[in-house]
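Right, one structure below, let's go through it.
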Protein chains: 2
Amino acid sequence: MNKTIADIAKIAGVAKSTVSRYLNGGSVSDTTKKKIELVINETGYIPNTFAQSLKAKKTNIIGTIVPRLDSYAASNTLIGIDEHLREQGFQMLIANTNQDLEREIESIYSFERQKIAGIILLATVITDAHLEAFSKVQIPVILVGQQDENTYSLIHDDFSAAYDLATYMLNKGHRKIAYMGVTEADISVGVNRKKGFAAAIESYPDCEVHYYVTGFKIKDAMSEALKILNETKPTILFCATDNIALGALKAAYLKGLKVPQDLSIVGFGGYEITEVIHPALTTAKFYYKEAGELAAQNIVRMVKGEQVEKLTISKYEIIERESVDKRN
Amino acid sequence: MNKTIADIAKIAGVAKSTVSRYLNGGSVSDTTKKKIELVINETGYIPNTFAQSLKAKKTNIIGTIVPRLDSYAASNTLIGIDEHLREQGFQMLIANTNQDLEREIESIYSFERQKIAGIILLATVITDAHLEAFSKVQIPVILVGQQDENTYSLIHDDFSAAYDLATYMLNKGHRKIAYMGVTEADISVGVNRKKGFAAAIESYPDCEVHYYVTGFKIKDAMSEALKILNETKPTILFCATDNIALGALKAAYLKGLKVPQDLSIVGFGGYEITEVIHPALTTAKFYYKEAGELAAQNIVRMVKGEQVEKLTISKYEIIERESVDKRN
DNA sequence: AGTAAATTTGGAACCGGTTCCTAAAAGGAG
DNA sequence: CTCCTTTTAGGAACCGGTTCCAAATTTACT
């Protein structure tokens, strides 16, 4: 059975407080230091975390709320967060909400109960219930992937990425375009990417653009793309995520369309798989892992009471691969 | 600021112990029950987890050690674990080790310090250091994905899956076969799948089989497959994981080989992406989420002191898709 | 109404640390 | 060798719950 600090003290022939001071770097003479060290090594004593936290009234745990575990973006963001947190001596506690907003709110309060030091929320949609929870719990919060004026946020540069990627494809000569987006409840993916895209389109009045809304799942995107391809004949499917692009790719294949000869496709994300399929997908790559690190860095600063920018913007890169052809 | 049980007691005009009893379902009269309820609702009191755990000397947290977050198998297993644990009123704490065995061991001891109730280890390789840690910490442990005689384990039926998949492809007429496996340090993937494959091959003496070893990464598999295709001319690449198959697919594409007409490919795992690429990959699908649920179920039983089978085997299914052609 | 039995309540001790305060020991200056 | 300052050590209180035990109250029955 595990020993307590009192046991150690007794064996070493000193007081509890002395052992505690030894452990936490207080003033202890060399003689007693050695005595205590010996006993601790022999017994393999490890302090009880609860007793410590009870007294300290806080932990060094950062809670991360994630809508889903099985997504490239989420996984890689988590990896980045974890890495930085570990370096800083913090622990990461993951709460998976399975895309249930209700559970996101619950998790926030549950984190409060557990005296979590800070919260990173990989956000999809921010509701009033979220904002209420943020203000109620006295814990620093940072949003990743979505932006809110009153909350610390880290976002990907969705607008610029979409603008650049749209410009790229317009330069390639595409004018008949189908935009496959997602719900506007998602500000980053649903609104900002569309806006960036639309802004680029504005300079090209001869464009024929159709906007569609689909889900985040590959299969949903596939059926939607199939429908689109039956109705109209765009030269390019401009997809708001790589998963949608993957679905579009499958749809093109099912329709017997060659990519990029018959149909071009672009996506957003830069998922690993987009590089290894063929044709490899041209996409706007976001740096999820780096974004996670950045978010972790910010939350740690906030926990320590240091100053942090209200809004951090993570970088992106247009990756030109094989899925876009030149048109004239 | 958050109130303590003593505050509640004082406001309600009762003793701490009475409030505690109220909270934990002890005998309290209806009159005082109402009084306390009122105060708790008004103050929004929530008990301090640490004080509780300190006294209880345990938590309702299950620690899950995972080698990597960005893998289909890991993510889905975690989802399954999380789901079941939540139902049972347990919490899941994830420790990501980033494929560092050292960190796996550390995590075990760290879990001990945190008085975690049970440990689920998504294992890749089991070393003596692991076994030592298992025996040292007095916490129930269950292995997922690898098997050890002295430890509770849940494995996928690698042998049978490989046997069935090999038989399937042999029936399709393939005789010139390249087996792309992984290190034998990984018993499940490296040894058992190969054994199952080899067992099926034995009945077909006219086979020409070459064995290769590659890594788990798509890119590594791709280079290896490229090498193989340059050296020999197998009719099928039998890949020990879907990722390896994905690399093989890319290699075939780069070599200008049509799949499955010029070259057949199979994998293991049943990752979502294998369905949506084209040609869709024929693969042995493992039920990761269900396996996670099973593992969670077992660890919960173990924590409660109930009896559990030493070895649980999760099911699999051969998914026939487009990547294997008939030969004669 | 009186007493035994059952229920409800309060008080104190405890879980295992940390920290404050004071006493004892050690070190330094004259 | 004092006397004063600085270190080091010990004791007690505290963090916020739970639980045991005994006292008080209620209920049940004769």
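Residues in the structure tokens are named by chain (A, B, ... in the order shown) and by number from 1 within that chain; ligands are numbered from 1 in the order shown.
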Mind dumping a table of every chain A residue within 9 Å of chain B, with the nearest atom pair and its distance in Å to one decimal, using only C-alpha atoms, sorted by chain and rising number, as CSV?
```
residue,atom,partner,partner_atom,distance
A:Met1,CA,B:Gln138,CA,8.8
A:Ile46,CA,B:Arg113,CA,6.8
A:Pro47,CA,B:Arg113,CA,7.4
A:Asn48,CA,B:Arg113,CA,6.6
A:Thr49,CA,B:Gln114,CA,5.9
A:Phe50,CA,B:Phe50,CA,5.0
A:Ala51,CA,B:Leu54,CA,6.0
A:Gln52,CA,B:Phe50,CA,8.7
A:Ser53,CA,B:Phe50,CA,6.6
A:Leu54,CA,B:Phe50,CA,5.4
A:Lys57,CA,B:Phe50,CA,8.8
A:Arg68,CA,B:Ile79,CA,8.4
A:Leu69,CA,B:Ser75,CA,5.6
A:Asp70,CA,B:Ser75,CA,5.2
A:Ser71,CA,B:Asp70,CA,8.1
A:Tyr72,CA,B:Asp70,CA,6.7
A:Ala74,CA,B:Asp70,CA,8.7
A:Ser75,CA,B:Asp70,CA,5.2
A:Asn76,CA,B:Asp70,CA,6.5
A:Leu78,CA,B:Leu69,CA,7.8
A:Ile79,CA,B:Leu69,CA,6.9
A:Asp82,CA,B:Asn96,CA,7.6
A:Gln91,CA,B:Ala95,CA,8.9
A:Met92,CA,B:Ile94,CA,7.9
A:Leu93,CA,B:Leu93,CA,6.0
A:Ile94,CA,B:Ile94,CA,6.6
A:Ala95,CA,B:Met92,CA,8.0
A:Asn96,CA,B:Asp82,CA,7.6
A:Asn98,CA,B:Ile79,CA,8.3
A:Arg113,CA,B:Asn48,CA,6.7
A:Gln114,CA,B:Thr49,CA,6.0
A:Lys115,CA,B:Thr49,CA,8.3
A:Gln138,CA,B:Met1,CA,8.9
A:Ile218,CA,B:Val276,CA,7.8
A:Lys219,CA,B:Val276,CA,8.0
A:Leu246,CA,B:Val276,CA,7.4
A:Gly247,CA,B:Val276,CA,7.1
A:Leu249,CA,B:Ile277,CA,8.0
A:Lys250,CA,B:Val276,CA,6.1
A:Tyr253,CA,B:His278,CA,7.4
A:Ile273,CA,B:Ile273,CA,8.3
A:Val276,CA,B:Lys250,CA,6.1
A:Ile277,CA,B:Lys250,CA,6.4
A:His278,CA,B:Lys250,CA,7.0
```
(request) Dump as JSON, numbers by chain the residues of chain C that approach chain A to within 9 Å, counting only C-alpha atoms (C1' of nucleotides). (result) {"C": [15, 16, 17, 18, 19]}
Post-fit chain A coords, all in-order Cα pairs vs chain B, as a tab-separated table (two decimals) with C-alpha atoms, in the first residue's frame:
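Printed below is result09.tsv as written:
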```tsv
chain	number	residue	atom	x	y	z
A	1	MET	CA	-17.08	32.01	-5.32
A	2	ASN	CA	-18.14	28.45	-4.80
A	3	LYS	CA	-19.67	27.45	-1.50
A	4	THR	CA	-18.58	24.55	0.62
A	5	ILE	CA	-20.69	21.99	2.33
A	6	ALA	CA	-20.15	23.85	5.58
A	7	ASP	CA	-21.65	27.00	4.09
A	8	ILE	CA	-24.68	25.11	2.89
A	9	ALA	CA	-25.08	23.55	6.30
A	10	LYS	CA	-24.90	26.88	8.04
A	11	ILE	CA	-27.39	28.56	5.72
A	12	ALA	CA	-29.79	25.66	6.00
A	13	GLY	CA	-29.29	25.57	9.73
A	14	VAL	CA	-28.15	21.97	9.88
A	15	ALA	CA	-24.88	20.10	10.34
A	16	LYS	CA	-22.35	19.32	7.60
A	17	SER	CA	-22.98	15.65	8.07
A	18	THR	CA	-26.65	16.09	7.39
A	19	VAL	CA	-26.00	17.85	4.12
A	20	SER	CA	-23.57	15.13	3.18
A	21	ARG	CA	-26.15	12.51	4.00
A	22	TYR	CA	-28.72	14.37	1.94
A	23	LEU	CA	-26.32	14.38	-0.99
A	24	ASN	CA	-25.48	10.73	-0.70
A	25	GLY	CA	-28.88	9.35	0.08
A	26	GLY	CA	-28.67	8.79	3.79
A	27	SER	CA	-31.59	9.12	6.15
A	28	VAL	CA	-32.87	12.67	6.24
A	29	SER	CA	-36.36	13.79	7.18
A	30	ASP	CA	-38.57	15.35	4.54
A	31	THR	CA	-38.53	18.67	6.32
A	32	THR	CA	-34.78	19.08	6.36
A	33	LYS	CA	-34.54	17.56	2.91
A	34	LYS	CA	-36.58	20.44	1.58
A	35	LYS	CA	-34.57	23.01	3.46
A	36	ILE	CA	-31.30	21.71	2.13
A	37	GLU	CA	-32.61	21.28	-1.37
A	38	LEU	CA	-33.68	24.89	-1.40
A	39	VAL	CA	-30.31	26.17	-0.29
A	40	ILE	CA	-28.44	24.00	-2.74
A	41	ASN	CA	-30.57	25.15	-5.63
A	42	GLU	CA	-30.19	28.77	-4.67
A	43	THR	CA	-26.47	28.69	-4.18
A	44	GLY	CA	-25.75	26.35	-7.07
A	45	TYR	CA	-23.53	24.37	-4.78
A	46	ILE	CA	-21.37	21.65	-6.30
A	47	PRO	CA	-19.23	19.37	-4.15
A	48	ASN	CA	-15.48	19.54	-4.47
A	49	THR	CA	-14.29	16.48	-6.34
A	50	PHE	CA	-10.92	16.43	-4.63
A	51	ALA	CA	-12.27	16.39	-1.16
A	52	GLN	CA	-14.48	13.53	-2.20
A	53	SER	CA	-11.74	11.53	-3.84
A	54	LEU	CA	-9.37	12.23	-1.01
A	55	LYS	CA	-11.69	10.56	1.37
A	56	ALA	CA	-12.79	7.84	-1.00
A	57	LYS	CA	-9.21	7.09	-2.04
A	58	LYS	CA	-10.32	6.43	-5.56
A	59	THR	CA	-11.89	8.00	-8.60
A	60	ASN	CA	-14.31	6.93	-11.24
A	61	ILE	CA	-11.84	7.70	-13.98
A	62	ILE	CA	-10.58	5.14	-16.45
A	63	GLY	CA	-7.25	6.00	-17.99
A	64	THR	CA	-6.75	5.13	-21.64
A	65	ILE	CA	-3.27	5.05	-23.06
A	66	VAL	CA	-3.14	5.51	-26.77
A	67	PRO	CA	-0.05	5.43	-28.99
A	68	ARG	CA	-1.43	7.97	-31.42
A	69	LEU	CA	-4.52	10.04	-31.85
A	70	ASP	CA	-4.44	10.37	-35.60
A	71	SER	CA	-5.36	6.85	-36.57
A	72	TYR	CA	-8.70	5.48	-37.56
A	73	ALA	CA	-8.31	2.48	-35.30
A	74	ALA	CA	-7.36	4.53	-32.25
A	75	SER	CA	-10.02	7.19	-32.73
A	76	ASN	CA	-12.80	4.72	-33.14
A	77	THR	CA	-11.71	2.56	-30.29
A	78	LEU	CA	-11.64	5.66	-28.10
A	79	ILE	CA	-15.12	6.60	-29.21
A	80	GLY	CA	-16.39	3.18	-28.21
A	81	ILE	CA	-14.64	3.32	-24.88
A	82	ASP	CA	-15.90	6.79	-24.15
A	83	GLU	CA	-19.46	5.89	-24.99
A	84	HIS	CA	-19.65	2.92	-22.71
A	85	LEU	CA	-17.79	4.60	-19.89
A	86	ARG	CA	-20.11	7.56	-19.99
A	87	GLU	CA	-23.12	5.28	-19.78
A	88	GLN	CA	-21.62	3.64	-16.73
A	89	GLY	CA	-20.90	6.91	-15.03
A	90	PHE	CA	-17.18	6.72	-15.54
A	91	GLN	CA	-14.90	9.29	-17.04
A	92	MET	CA	-12.24	8.65	-19.65
A	93	LEU	CA	-8.82	10.20	-19.32
A	94	ILE	CA	-6.68	9.90	-22.44
A	95	ALA	CA	-2.91	9.76	-22.37
A	96	ASN	CA	-1.39	10.15	-25.81
A	97	THR	CA	2.10	8.71	-25.96
A	98	ASN	CA	2.96	9.61	-29.51
A	99	GLN	CA	4.29	6.10	-30.12
A	100	ASP	CA	6.80	6.39	-27.33
A	101	LEU	CA	6.93	3.21	-25.25
A	102	GLU	CA	8.75	5.07	-22.52
A	103	ARG	CA	5.79	7.35	-22.19
A	104	GLU	CA	3.41	4.43	-22.00
A	105	ILE	CA	5.17	3.25	-18.89
A	106	GLU	CA	5.25	6.74	-17.44
A	107	SER	CA	1.54	7.07	-18.07
A	108	ILE	CA	0.82	3.91	-16.14
A	109	TYR	CA	2.59	5.24	-13.08
A	110	SER	CA	1.09	8.64	-13.56
A	111	PHE	CA	-2.35	7.04	-13.58
A	112	GLU	CA	-1.50	5.32	-10.35
A	113	ARG	CA	-0.62	8.63	-8.77
A	114	GLN	CA	-3.95	9.99	-9.85
A	115	LYS	CA	-5.79	7.06	-8.32
A	116	ILE	CA	-7.27	6.10	-11.66
A	117	ALA	CA	-9.73	3.23	-11.24
A	118	GLY	CA	-8.63	1.23	-14.26
A	119	ILE	CA	-6.38	1.37	-17.29
A	120	ILE	CA	-7.10	0.53	-20.91
A	121	LEU	CA	-3.95	0.28	-22.99
A	122	LEU	CA	-4.25	0.43	-26.74
A	123	ALA	CA	-1.15	-1.60	-27.15
A	124	THR	CA	1.36	-1.93	-29.92
A	125	VAL	CA	4.17	-3.77	-28.21
A	126	ILE	CA	4.31	-5.25	-24.73
A	127	THR	CA	7.71	-5.11	-23.08
A	128	ASP	CA	8.96	-6.34	-19.74
A	129	ALA	CA	8.76	-2.80	-18.49
A	130	HIS	CA	5.06	-2.92	-19.23
A	131	LEU	CA	4.56	-6.13	-17.34
A	132	GLU	CA	6.53	-4.78	-14.42
A	133	ALA	CA	4.40	-1.65	-14.34
A	134	PHE	CA	1.20	-3.70	-14.52
A	135	SER	CA	2.21	-5.73	-11.52
A	136	LYS	CA	3.48	-2.78	-9.53
A	137	VAL	CA	0.43	-0.60	-9.81
A	138	GLN	CA	-2.52	-2.11	-8.09
A	139	ILE	CA	-4.94	-1.08	-10.81
A	140	PRO	CA	-6.86	-3.29	-13.20
A	141	VAL	CA	-5.42	-3.18	-16.70
A	142	ILE	CA	-6.80	-4.36	-19.99
A	143	LEU	CA	-4.86	-4.55	-23.22
A	144	VAL	CA	-6.53	-3.78	-26.51
A	145	GLY	CA	-5.06	-4.98	-29.77
A	146	GLN	CA	-2.32	-7.09	-28.26
A	147	GLN	CA	-2.40	-10.16	-26.13
A	148	ASP	CA	-0.45	-11.17	-23.06
A	149	GLU	CA	-0.98	-14.33	-21.08
A	150	ASN	CA	-0.80	-12.68	-17.72
A	151	THR	CA	-2.86	-9.64	-18.56
A	152	TYR	CA	-6.48	-9.19	-19.44
A	153	SER	CA	-6.61	-8.65	-23.18
A	154	LEU	CA	-8.98	-7.84	-25.97
A	155	ILE	CA	-7.77	-8.58	-29.45
A	156	HIS	CA	-9.07	-8.54	-32.95
A	157	ASP	CA	-9.09	-11.90	-34.58
A	158	ASP	CA	-6.06	-11.13	-36.70
A	159	PHE	CA	-5.22	-14.70	-37.51
A	160	SER	CA	-8.66	-15.68	-38.76
A	161	ALA	CA	-9.18	-12.44	-40.59
A	162	ALA	CA	-5.90	-12.90	-42.42
A	163	TYR	CA	-6.69	-16.53	-43.09
A	164	ASP	CA	-10.08	-15.66	-44.54
A	165	LEU	CA	-8.86	-12.77	-46.59
A	166	ALA	CA	-5.99	-14.85	-47.95
A	167	THR	CA	-8.35	-17.68	-48.80
A	168	TYR	CA	-10.63	-15.23	-50.56
A	169	MET	CA	-7.87	-13.94	-52.78
A	170	LEU	CA	-6.50	-17.43	-53.41
A	171	ASN	CA	-9.92	-18.47	-54.57
A	172	LYS	CA	-9.83	-15.55	-56.94
A	173	GLY	CA	-6.85	-17.27	-58.51
A	174	HIS	CA	-3.93	-15.22	-57.22
A	175	ARG	CA	-0.67	-17.12	-56.93
A	176	LYS	CA	2.05	-14.51	-57.30
A	177	ILE	CA	1.74	-12.67	-54.04
A	178	ALA	CA	3.67	-9.97	-52.28
A	179	TYR	CA	2.94	-9.78	-48.56
A	180	MET	CA	3.56	-6.35	-47.12
A	181	GLY	CA	3.77	-6.76	-43.37
A	182	VAL	CA	5.16	-4.87	-40.41
A	183	THR	CA	7.68	-5.53	-37.70
A	184	GLU	CA	7.24	-8.75	-35.74
A	185	ALA	CA	7.57	-6.81	-32.52
A	186	ASP	CA	3.90	-6.12	-33.12
A	187	ILE	CA	2.40	-9.51	-32.36
A	188	SER	CA	-1.08	-8.78	-33.66
A	189	VAL	CA	-0.29	-7.04	-36.90
A	190	GLY	CA	3.24	-8.27	-37.50
A	191	VAL	CA	2.92	-11.88	-36.43
A	192	ASN	CA	-0.69	-13.02	-36.27
A	193	ARG	CA	-1.83	-11.59	-39.55
A	194	LYS	CA	1.19	-13.04	-41.25
A	195	LYS	CA	0.55	-16.42	-39.64
A	196	GLY	CA	-3.08	-16.42	-40.73
A	197	PHE	CA	-1.99	-15.53	-44.21
A	198	ALA	CA	0.70	-18.21	-44.24
A	199	ALA	CA	-1.72	-20.83	-42.97
A	200	ALA	CA	-4.04	-20.19	-45.89
A	201	ILE	CA	-1.16	-20.22	-48.33
A	202	GLU	CA	-0.07	-23.67	-47.16
A	203	SER	CA	-2.95	-25.32	-48.95
A	204	TYR	CA	-1.78	-23.85	-52.22
A	205	PRO	CA	1.71	-25.17	-52.92
A	206	ASP	CA	1.88	-23.52	-56.32
A	207	CYS	CA	2.12	-20.09	-54.77
A	208	GLU	CA	5.01	-17.74	-55.23
A	209	VAL	CA	5.04	-15.58	-52.15
A	210	HIS	CA	7.44	-12.84	-51.17
A	211	TYR	CA	7.38	-11.30	-47.73
A	212	TYR	CA	8.27	-7.68	-47.13
A	213	VAL	CA	8.35	-5.51	-44.05
A	214	THR	CA	7.37	-1.87	-44.12
A	215	GLY	CA	6.23	0.84	-41.72
A	216	PHE	CA	2.75	1.92	-40.69
A	217	LYS	CA	2.88	5.17	-42.60
A	218	ILE	CA	1.24	5.53	-45.97
A	219	LYS	CA	4.32	7.10	-47.48
A	220	ASP	CA	6.70	4.41	-46.25
A	221	ALA	CA	4.40	1.78	-47.65
A	222	MET	CA	4.28	3.62	-50.92
A	223	SER	CA	8.05	3.64	-51.38
A	224	GLU	CA	8.25	0.02	-50.36
A	225	ALA	CA	5.50	-0.93	-52.80
A	226	LEU	CA	7.25	0.98	-55.52
A	227	LYS	CA	10.39	-1.03	-54.88
A	228	ILE	CA	8.46	-4.27	-54.87
A	229	LEU	CA	6.73	-3.50	-58.12
A	230	ASN	CA	10.05	-2.72	-59.72
A	231	GLU	CA	11.57	-5.98	-58.62
A	232	THR	CA	8.82	-8.53	-59.04
A	233	LYS	CA	5.50	-8.74	-60.75
A	234	PRO	CA	2.99	-9.97	-58.18
A	235	THR	CA	-0.65	-10.11	-59.15
A	236	ILE	CA	-1.64	-8.96	-55.71
A	237	LEU	CA	-0.24	-6.85	-52.90
A	238	PHE	CA	-1.46	-8.33	-49.63
A	239	CYS	CA	-1.11	-5.48	-47.14
A	240	ALA	CA	-1.19	-5.92	-43.38
A	241	THR	CA	-3.03	-2.63	-42.84
A	242	ASP	CA	-5.28	-0.35	-44.81
A	243	ASN	CA	-2.70	2.40	-44.64
A	244	ILE	CA	-0.15	0.15	-46.26
A	245	ALA	CA	-2.77	-0.71	-48.88
A	246	LEU	CA	-3.34	2.99	-49.47
A	247	GLY	CA	0.36	3.45	-50.05
A	248	ALA	CA	0.35	0.45	-52.37
A	249	LEU	CA	-2.54	1.95	-54.29
A	250	LYS	CA	-0.64	5.17	-54.76
A	251	ALA	CA	2.42	3.24	-55.87
A	252	ALA	CA	0.36	1.33	-58.42
A	253	TYR	CA	-0.99	4.59	-59.72
A	254	LEU	CA	2.47	6.07	-59.98
A	255	LYS	CA	3.64	3.00	-61.89
A	256	GLY	CA	0.69	3.35	-64.24
A	257	LEU	CA	-0.78	0.07	-63.05
A	258	LYS	CA	-4.57	-0.21	-63.07
A	259	VAL	CA	-6.15	-1.60	-59.93
A	260	PRO	CA	-7.52	-4.24	-59.97
A	261	GLN	CA	-6.93	-5.09	-63.65
A	262	ASP	CA	-3.14	-5.00	-63.53
A	263	LEU	CA	-2.69	-5.40	-59.80
A	264	SER	CA	-4.96	-6.40	-56.95
A	265	ILE	CA	-4.62	-4.95	-53.45
A	266	VAL	CA	-6.14	-5.86	-50.09
A	267	GLY	CA	-5.75	-4.38	-46.64
A	268	PHE	CA	-6.83	-4.73	-43.04
A	269	GLY	CA	-8.84	-2.36	-40.91
A	270	GLY	CA	-11.90	-1.22	-42.74
A	271	TYR	CA	-11.09	2.47	-42.45
A	272	GLU	CA	-13.83	4.72	-43.69
A	273	ILE	CA	-11.68	6.10	-46.46
A	274	THR	CA	-11.18	2.69	-48.05
A	275	GLU	CA	-14.81	2.70	-49.06
A	276	VAL	CA	-14.84	6.05	-50.70
A	277	ILE	CA	-11.69	5.96	-52.75
A	278	HIS	CA	-11.72	4.26	-56.06
A	279	PRO	CA	-11.23	1.54	-56.59
A	280	ALA	CA	-12.81	0.87	-53.22
A	281	LEU	CA	-10.55	-1.37	-51.19
A	282	THR	CA	-11.29	-4.97	-50.36
A	283	THR	CA	-10.35	-5.32	-46.72
A	284	ALA	CA	-10.80	-7.18	-43.48
A	285	LYS	CA	-12.89	-4.84	-41.38
A	286	PHE	CA	-12.33	-4.77	-37.65
A	287	TYR	CA	-14.96	-3.34	-35.38
A	288	TYR	CA	-12.91	-0.82	-33.49
A	289	LYS	CA	-15.73	1.05	-31.86
A	290	GLU	CA	-17.36	-2.14	-30.68
A	291	ALA	CA	-14.00	-3.37	-29.46
A	292	GLY	CA	-13.64	-0.16	-27.47
A	293	GLU	CA	-17.04	-0.68	-25.94
A	294	LEU	CA	-16.15	-4.23	-25.06
A	295	ALA	CA	-12.89	-3.16	-23.49
A	296	ALA	CA	-14.67	-0.48	-21.49
A	297	GLN	CA	-17.25	-2.99	-20.39
A	298	ASN	CA	-14.56	-5.34	-19.20
A	299	ILE	CA	-12.54	-2.73	-17.35
A	300	VAL	CA	-15.66	-1.50	-15.59
A	301	ARG	CA	-16.42	-5.03	-14.49
A	302	MET	CA	-12.88	-5.48	-13.29
A	303	VAL	CA	-13.01	-2.24	-11.35
A	304	LYS	CA	-16.18	-3.43	-9.70
A	305	GLY	CA	-14.47	-6.66	-8.80
A	306	GLU	CA	-16.55	-8.76	-11.12
A	307	GLN	CA	-15.31	-11.73	-13.08
A	308	VAL	CA	-14.06	-11.15	-16.61
A	309	GLU	CA	-12.72	-13.43	-19.31
A	310	LYS	CA	-8.95	-13.23	-19.56
A	311	LEU	CA	-9.15	-12.96	-23.32
A	312	THR	CA	-11.88	-11.34	-25.38
A	313	ILE	CA	-11.87	-11.61	-29.13
A	314	SER	CA	-13.54	-8.96	-31.21
A	315	LYS	CA	-15.18	-9.83	-34.48
A	316	TYR	CA	-14.19	-8.97	-38.04
A	317	GLU	CA	-15.66	-9.11	-41.47
A	318	ILE	CA	-14.22	-9.51	-44.94
A	319	ILE	CA	-15.49	-6.66	-47.05
A	320	GLU	CA	-15.40	-7.45	-50.70
A	321	ARG	CA	-15.10	-4.38	-52.85
A	322	GLU	CA	-13.34	-3.44	-56.03
A	323	SER	CA	-9.64	-3.86	-55.55
A	324	VAL	CA	-9.33	-7.58	-56.25
A	325	ASP	CA	-9.69	-9.08	-59.68
A	326	LYS	CA	-10.11	-12.69	-60.78
A	327	ARG	CA	-7.06	-14.48	-62.16
A	328	ASN	CA	-6.81	-17.82	-63.83
```
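Taking atom C1' of DA13 of chain C and atom C1' of DA9 of chain D as endpoints, the distance between them is 26.6 Å.
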(message) Near chain A, meaning an atom within 10 Å, which residues of chain D appear when counting only C-alpha atoms (C1' of nucleotides)? Write them as JSON, numbers by chain.
(response) {"D": [7, 8, 9, 10, 11, 14, 15, 16, 17]}
Create the file for the chosen residues now, containing C-alpha atoms (C1' of nucleotides) and written as a PDB file, in the first residue's frame.
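New file out30.pdb:
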```pdb
ATOM      1  C1'  DT D   7      18.230  28.776   9.164  1.00  0.00           C
ATOM      2  C1'  DT D   8      15.953  24.865  10.126  1.00  0.00           C
ATOM      3  C1'  DA D   9      12.351  22.090  12.414  1.00  0.00           C
ATOM      4  C1'  DG D  10       8.038  21.056  14.613  1.00  0.00           C
ATOM      5  C1'  DG D  11       3.095  21.714  15.810  1.00  0.00           C
ATOM      6  C1'  DC D  14      -6.703  24.149   7.304  1.00  0.00           C
ATOM      7  C1'  DC D  15      -8.547  22.510   2.546  1.00  0.00           C
ATOM      8  C1'  DG D  16     -13.809  20.224   1.880  1.00  0.00           C
ATOM      9  C1'  DG D  17     -15.678  16.457   1.942  1.00  0.00           C
TER      10       DG D  17
END
```
(message) Among segment 32-218 of chain B, which ones does DSSP assign to helix (DSSP H, G or I) (computed from the backbone)? Answer as a VMD selection string.
(response) chain B and resid 32 to 43 49 to 56 72 to 87 101 to 113 128 to 136 158 to 171 187 to 201 218
(request) Would you please give, as a VMD selection string, all residues of segment 116-248 of chain A that DSSP assigns to strand (DSSP E or B) based on the backbone? (result) chain A and resid 118 to 122 141 to 144 152 to 156 176 to 181 208 to 213 236 to 239
(request) Write out as JSON, numbers by chain each polymer residue whose atoms come within 10 Å of DG28 of chain C, counting only C-alpha atoms (C1' of nucleotides); drop sequence neighbours fewer than 2 positions from it. (result) {"C": [26, 30], "D": [4, 5, 6]}
